[in-house]
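Notes follow the structure.
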Amino acid sequence: MGGTVKRALAAALAVAAVLVLADLGTGAAAESGIARQMRETLDLPEDPAVRVTGLSFLAQAVTGRYGKVEVSMDRVPIGPLRTPEVRAELYGVRAPLSALVGSGPAEFRAAAAEGAVRISPNDVRRMVVAAGGPAAAVERLTVEEVDANAIDTAIRAGADPTLRGTDPRTAARFVAELPVDGSDTRVGVLSALVVTDGVLRIVPRDVREMDTNEPVPAAVRDSLLRALAVELDTGTLPLGVTPTSASIPEYNVLEISGAVRDLDIGGDGATRSTS
């Protein structure tokens, strides 16, 4: 009796292992097909990283519906940006398994998609330094999110009271490290992030020392206000998405993004049906 149970258990484990391997192998083949199609659709220099999310690929393949597909690729030059990361997330993907696997690009539909470009502060720093003046001495530039408390603190320290109407979700603090009066100083520049006609504008509003919340010399303040007032035109985002918003999704990441619905991907590329 004990031997029979052991053999049955061993058989069950073997079947489970085969199913897991089949799931991983089929999923990898589909992700490779999607990657080839996204390379063509997004005009990328190489296949991007693709991940079909969910517990089991084969379980989704049976229905021909996949909840979410993530696509990303680092360091894709866009205009003046040297190191941006291109990202796309597709939701409600529909395709038979035969359209995803194989040697050629995949063909599928998506109910909705989000496209984004993540911009490194290093790209912004190059523009700041190029502006000249005291800002040319900026040695390092980082960016962080702000909340309502940070805005209130700046106002209490002497910032323009109209900052109180700033939406923290579309605001950022750029932190520049540069010499001020002969000392290495961290200077915070509280800024609004404004997207108009697909172009991101950084609008600096307040400049002060990070450690003391004190104002900086007028020459440094004016130089940083001028140098950080830059426009970033990423063009159309992945999948034909028009940029509509900007945010700081995590420390030291500036993201511009947009969304679209009803996409046909494959053949002639992505066709937007509804924005």
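Every chain in the structure tokens takes a letter, A first, then B, and so on in the order presented; its residues are numbered from 1, and the ligands are numbered from 1 following the presented order.
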
message = According to DSSP computed on the backbone, where in range 88-127 of chain A is there strand (DSSP E)? Give the residues as a list in words.
response =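 DSSP-assigned strand (DSSP E) residues in range 88-127 of chain A: Ala88, Glu89, Leu90, Tyr91, Gly92, Val93, Arg94, Phe108, Arg109, Ala110, Ala111, Ala112, Ala113, Glu114, Gly115, Ala116, Val117, Arg118 and Ile119 of chain A.
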
Export, as a compact mmCIF listing (two decimals), in the first residue's frame, the selected residues with all heavy atoms.
```
# COMPACT_ATOMS: atom_id res chain seq x y z
N ALA A 88 5.83 50.30 -21.39
CA ALA A 88 4.44 50.18 -21.83
C ALA A 88 3.79 49.05 -21.04
O ALA A 88 4.42 48.02 -20.78
CB ALA A 88 4.35 49.90 -23.32
N GLU A 89 2.56 49.26 -20.65
CA GLU A 89 1.78 48.23 -19.97
C GLU A 89 0.48 48.05 -20.72
O GLU A 89 -0.27 49.01 -20.93
CB GLU A 89 1.53 48.61 -18.51
CG GLU A 89 2.81 48.66 -17.68
CD GLU A 89 2.56 48.96 -16.22
OE1 GLU A 89 1.42 49.35 -15.87
OE2 GLU A 89 3.50 48.80 -15.41
N LEU A 90 0.21 46.82 -21.15
CA LEU A 90 -0.99 46.51 -21.92
C LEU A 90 -1.93 45.70 -21.05
O LEU A 90 -1.51 44.74 -20.38
CB LEU A 90 -0.63 45.73 -23.18
CG LEU A 90 0.30 46.44 -24.17
CD1 LEU A 90 1.73 45.99 -23.95
CD2 LEU A 90 -0.12 46.16 -25.60
N TYR A 91 -3.22 46.05 -21.07
CA TYR A 91 -4.22 45.40 -20.24
C TYR A 91 -5.28 44.74 -21.11
O TYR A 91 -5.63 45.24 -22.17
CB TYR A 91 -4.88 46.41 -19.30
CG TYR A 91 -3.90 47.12 -18.40
CD1 TYR A 91 -3.34 48.34 -18.77
CD2 TYR A 91 -3.52 46.57 -17.18
CE1 TYR A 91 -2.43 48.99 -17.95
CE2 TYR A 91 -2.61 47.22 -16.35
CZ TYR A 91 -2.07 48.43 -16.74
OH TYR A 91 -1.17 49.08 -15.92
N GLY A 92 -5.79 43.61 -20.63
CA GLY A 92 -6.84 42.93 -21.37
C GLY A 92 -6.39 42.49 -22.75
O GLY A 92 -7.10 42.69 -23.74
N VAL A 93 -5.22 41.89 -22.82
CA VAL A 93 -4.68 41.43 -24.11
C VAL A 93 -5.45 40.20 -24.57
O VAL A 93 -5.69 39.26 -23.79
CB VAL A 93 -3.18 41.12 -23.99
CG1 VAL A 93 -2.65 40.49 -25.28
CG2 VAL A 93 -2.41 42.39 -23.65
N ARG A 94 -5.83 40.17 -25.84
CA ARG A 94 -6.60 39.06 -26.40
C ARG A 94 -5.89 38.54 -27.65
O ARG A 94 -5.61 39.30 -28.58
CB ARG A 94 -8.03 39.51 -26.75
CG ARG A 94 -8.77 40.11 -25.57
CD ARG A 94 -10.21 40.44 -25.91
NE ARG A 94 -10.35 41.40 -27.00
CZ ARG A 94 -10.21 42.70 -26.87
NH1 ARG A 94 -9.90 43.22 -25.68
NH2 ARG A 94 -10.38 43.50 -27.90
N PHE A 108 -1.88 40.74 -31.71
CA PHE A 108 -2.84 40.67 -30.61
C PHE A 108 -3.57 42.00 -30.48
O PHE A 108 -3.22 42.99 -31.11
CB PHE A 108 -2.13 40.33 -29.30
CG PHE A 108 -0.94 41.21 -28.97
CD1 PHE A 108 -1.09 42.33 -28.18
CD2 PHE A 108 0.32 40.89 -29.46
CE1 PHE A 108 0.01 43.14 -27.89
CE2 PHE A 108 1.42 41.69 -29.16
CZ PHE A 108 1.26 42.81 -28.37
N ARG A 109 -4.60 41.97 -29.64
CA ARG A 109 -5.37 43.18 -29.33
C ARG A 109 -5.23 43.46 -27.85
O ARG A 109 -5.03 42.55 -27.04
CB ARG A 109 -6.86 42.99 -29.68
CG ARG A 109 -7.14 42.83 -31.15
CD ARG A 109 -8.62 42.55 -31.39
NE ARG A 109 -9.45 43.65 -30.90
CZ ARG A 109 -9.74 44.73 -31.62
NH1 ARG A 109 -9.27 44.86 -32.85
NH2 ARG A 109 -10.52 45.68 -31.13
N ALA A 110 -5.36 44.74 -27.47
CA ALA A 110 -5.32 45.13 -26.07
C ALA A 110 -6.48 46.08 -25.79
O ALA A 110 -6.73 47.00 -26.57
CB ALA A 110 -4.00 45.79 -25.72
N ALA A 111 -7.17 45.84 -24.68
CA ALA A 111 -8.29 46.70 -24.33
C ALA A 111 -7.83 48.09 -23.92
O ALA A 111 -8.52 49.08 -24.14
CB ALA A 111 -9.10 46.07 -23.19
N ALA A 112 -6.64 48.17 -23.31
CA ALA A 112 -6.10 49.46 -22.87
C ALA A 112 -4.59 49.35 -22.74
O ALA A 112 -4.04 48.25 -22.63
CB ALA A 112 -6.71 49.88 -21.53
N ALA A 113 -3.93 50.49 -22.78
CA ALA A 113 -2.48 50.49 -22.63
C ALA A 113 -2.04 51.82 -22.03
O ALA A 113 -2.69 52.85 -22.22
CB ALA A 113 -1.79 50.28 -23.98
N GLU A 114 -0.95 51.77 -21.31
CA GLU A 114 -0.31 52.96 -20.77
C GLU A 114 1.12 53.01 -21.31
O GLU A 114 1.83 52.01 -21.27
CB GLU A 114 -0.28 52.93 -19.24
CG GLU A 114 -1.67 52.98 -18.61
CD GLU A 114 -1.62 52.87 -17.10
OE1 GLU A 114 -0.49 52.72 -16.56
OE2 GLU A 114 -2.68 52.94 -16.46
N GLY A 115 1.50 54.14 -21.85
CA GLY A 115 2.86 54.33 -22.33
C GLY A 115 3.56 55.37 -21.49
O GLY A 115 2.94 56.33 -21.02
N ALA A 116 4.85 55.19 -21.26
CA ALA A 116 5.59 56.13 -20.43
C ALA A 116 7.04 56.18 -20.84
O ALA A 116 7.60 55.21 -21.37
CB ALA A 116 5.49 55.74 -18.94
N VAL A 117 7.64 57.33 -20.59
CA VAL A 117 9.09 57.49 -20.71
C VAL A 117 9.60 57.97 -19.37
O VAL A 117 9.12 58.97 -18.83
CB VAL A 117 9.46 58.49 -21.83
CG1 VAL A 117 10.96 58.81 -21.78
CG2 VAL A 117 9.09 57.94 -23.19
N ARG A 118 10.55 57.24 -18.81
CA ARG A 118 11.16 57.62 -17.54
C ARG A 118 12.49 58.32 -17.82
O ARG A 118 13.35 57.78 -18.51
CB ARG A 118 11.37 56.39 -16.65
CG ARG A 118 10.05 55.82 -16.16
CD ARG A 118 10.25 54.78 -15.08
NE ARG A 118 9.04 54.61 -14.28
CZ ARG A 118 8.99 53.94 -13.14
NH1 ARG A 118 10.09 53.39 -12.65
NH2 ARG A 118 7.86 53.84 -12.47
N ILE A 119 12.60 59.53 -17.29
CA ILE A 119 13.72 60.41 -17.61
C ILE A 119 14.67 60.49 -16.43
O ILE A 119 14.25 60.71 -15.29
CB ILE A 119 13.20 61.82 -17.97
CG1 ILE A 119 12.26 61.73 -19.18
CG2 ILE A 119 14.36 62.78 -18.23
CD1 ILE A 119 11.46 62.99 -19.40
```

key: Within 6 Å of Pro243 in chain A using only C-alpha atoms, minus same-chain residues under 5 positions, as a count of residues only   = 3

Can you build me a table of range 100-185 of chain A residues sitting at most 12 Å from range 217-235 of chain A, with the closest atom pair per residue and its distance in Å to one decimal, using only C-alpha atoms, sorted by chain and residue number, as a Markdown table?
```
| residue | atom | partner | partner_atom | distance |
| --- | --- | --- | --- | --- |
| A:Gly115 | CA | A:Thr234 | CA | 11.6 |
| A:Ala116 | CA | A:Thr234 | CA | 9.7 |
| A:Val117 | CA | A:Thr234 | CA | 7.6 |
| A:Arg118 | CA | A:Thr234 | CA | 10.1 |
| A:Ile119 | CA | A:Leu232 | CA | 9.5 |
| A:Ser120 | CA | A:Leu232 | CA | 11.9 |
| A:Pro121 | CA | A:Leu228 | CA | 11.1 |
| A:Asp123 | CA | A:Leu232 | CA | 10.0 |
| A:Val124 | CA | A:Leu228 | CA | 7.9 |
| A:Arg125 | CA | A:Leu228 | CA | 8.5 |
| A:Arg126 | CA | A:Ala227 | CA | 10.1 |
| A:Met127 | CA | A:Ala227 | CA | 7.3 |
| A:Val128 | CA | A:Ala227 | CA | 4.8 |
| A:Val129 | CA | A:Ala227 | CA | 7.6 |
| A:Ala130 | CA | A:Ala227 | CA | 8.1 |
| A:Ala131 | CA | A:Ala227 | CA | 5.4 |
| A:Gly132 | CA | A:Ala227 | CA | 7.8 |
| A:Gly133 | CA | A:Ser223 | CA | 6.0 |
| A:Pro134 | CA | A:Val220 | CA | 5.7 |
| A:Ala135 | CA | A:Leu224 | CA | 5.6 |
| A:Ala136 | CA | A:Ala227 | CA | 8.7 |
| A:Ala137 | CA | A:Val220 | CA | 10.1 |
| A:Val138 | CA | A:Leu224 | CA | 9.4 |
| A:Leu141 | CA | A:Leu228 | CA | 10.7 |
| A:Val143 | CA | A:Leu228 | CA | 11.9 |
| A:Ala172 | CA | A:Leu228 | CA | 11.9 |
| A:Arg173 | CA | A:Leu228 | CA | 11.1 |
| A:Phe174 | CA | A:Leu228 | CA | 8.8 |
| A:Val175 | CA | A:Leu224 | CA | 10.6 |
| A:Ala176 | CA | A:Leu224 | CA | 8.8 |
| A:Glu177 | CA | A:Leu224 | CA | 11.3 |
| A:Leu178 | CA | A:Val220 | CA | 9.6 |
| A:Pro179 | CA | A:Val220 | CA | 9.6 |
| A:Val180 | CA | A:Val220 | CA | 7.6 |
| A:Asp181 | CA | A:Pro217 | CA | 8.4 |
| A:Gly182 | CA | A:Pro217 | CA | 12.0 |
| A:Thr185 | CA | A:Val220 | CA | 11.2 |
```

task = Would you return as a ChimeraX atom specification the members of range 79-208 of chain A that DSSP assigns to alpha helix (DSSP H) on this structure's backbone?
result = /A:97-100,121-130,148-156

remark   = Lys68 in chain A proximity check over A:Ala171, A:Val146, A:Ala106, A:Val52, using only C-alpha atoms: winner is A:Val52

request  = Determine the nearest neighbour of Ala159 in chain A from the options A:Val194, A:Ala49, A:Val199, A:Glu214, counting only C-alpha atoms.
outcome  =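 Of all the options, A:Glu214 lies closest to Ala159 in chain A.
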
inquiry  = Just to confirm, what's the straight-line distance from CA of Asp184 in chain A to CA of Ala150 in chain A in Å (one decimal)?
reply    =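 Computed distance, CA of Asp184 in chain A to CA of Ala150 in chain A, equals 23.0 Å.
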
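Atom pair CA of Gly188 in chain A / CA of Asn252 in chain A has a distance of 13.5 Å (rounded to one decimal).
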
key: Neighbour list for Pro45 in chain A as a PyMOL selection string, cut-off 12 Å, only C-alpha atoms, skip fewer than 5 positions in-chain   = chain A and resi 35-36+38-40+73-77+86

request  = Fewer than 4 positions away in the same chain doesn't count, so skip those; otherwise give me all residues within 12 Å of Val62 in chain A, counting only C-alpha atoms, as a list in words.
outcome  =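 Result of the neighbour search: Asp23, Ser56, Phe57, Leu58, Tyr66, Arg94, Ala95, Pro96, Leu97 and Ser98 of chain A.
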
Since we have the selection now, will you write its residues out, keeping N, CA and C atoms, as a compact mmCIF listing (two decimals), in the first residue's frame?
```txt
# COMPACT_ATOMS: atom_id res chain seq x y z
N ASP A 23 4.51 25.37 -18.99
CA ASP A 23 4.00 26.72 -18.76
C ASP A 23 5.11 27.75 -18.97
N SER A 56 -0.36 31.61 -14.06
CA SER A 56 -0.12 30.57 -15.06
C SER A 56 -0.36 31.11 -16.45
N PHE A 57 0.65 30.98 -17.31
CA PHE A 57 0.48 31.44 -18.68
C PHE A 57 -0.49 30.54 -19.43
N LEU A 58 -0.34 29.22 -19.27
CA LEU A 58 -1.19 28.29 -20.01
C LEU A 58 -2.66 28.46 -19.63
N TYR A 66 -5.17 37.66 -21.60
CA TYR A 66 -4.03 37.84 -20.69
C TYR A 66 -4.23 39.17 -19.97
N ARG A 94 -5.83 40.17 -25.84
CA ARG A 94 -6.60 39.06 -26.40
C ARG A 94 -5.89 38.54 -27.65
N ALA A 95 -5.62 37.24 -27.64
CA ALA A 95 -4.99 36.62 -28.80
C ALA A 95 -4.98 35.11 -28.62
N PRO A 96 -5.20 34.35 -29.69
CA PRO A 96 -5.01 32.90 -29.58
C PRO A 96 -3.52 32.61 -29.41
N LEU A 97 -3.21 31.49 -28.78
CA LEU A 97 -1.81 31.15 -28.53
C LEU A 97 -1.01 31.10 -29.82
N SER A 98 -1.62 30.65 -30.91
CA SER A 98 -0.91 30.54 -32.18
C SER A 98 -0.45 31.89 -32.71
```
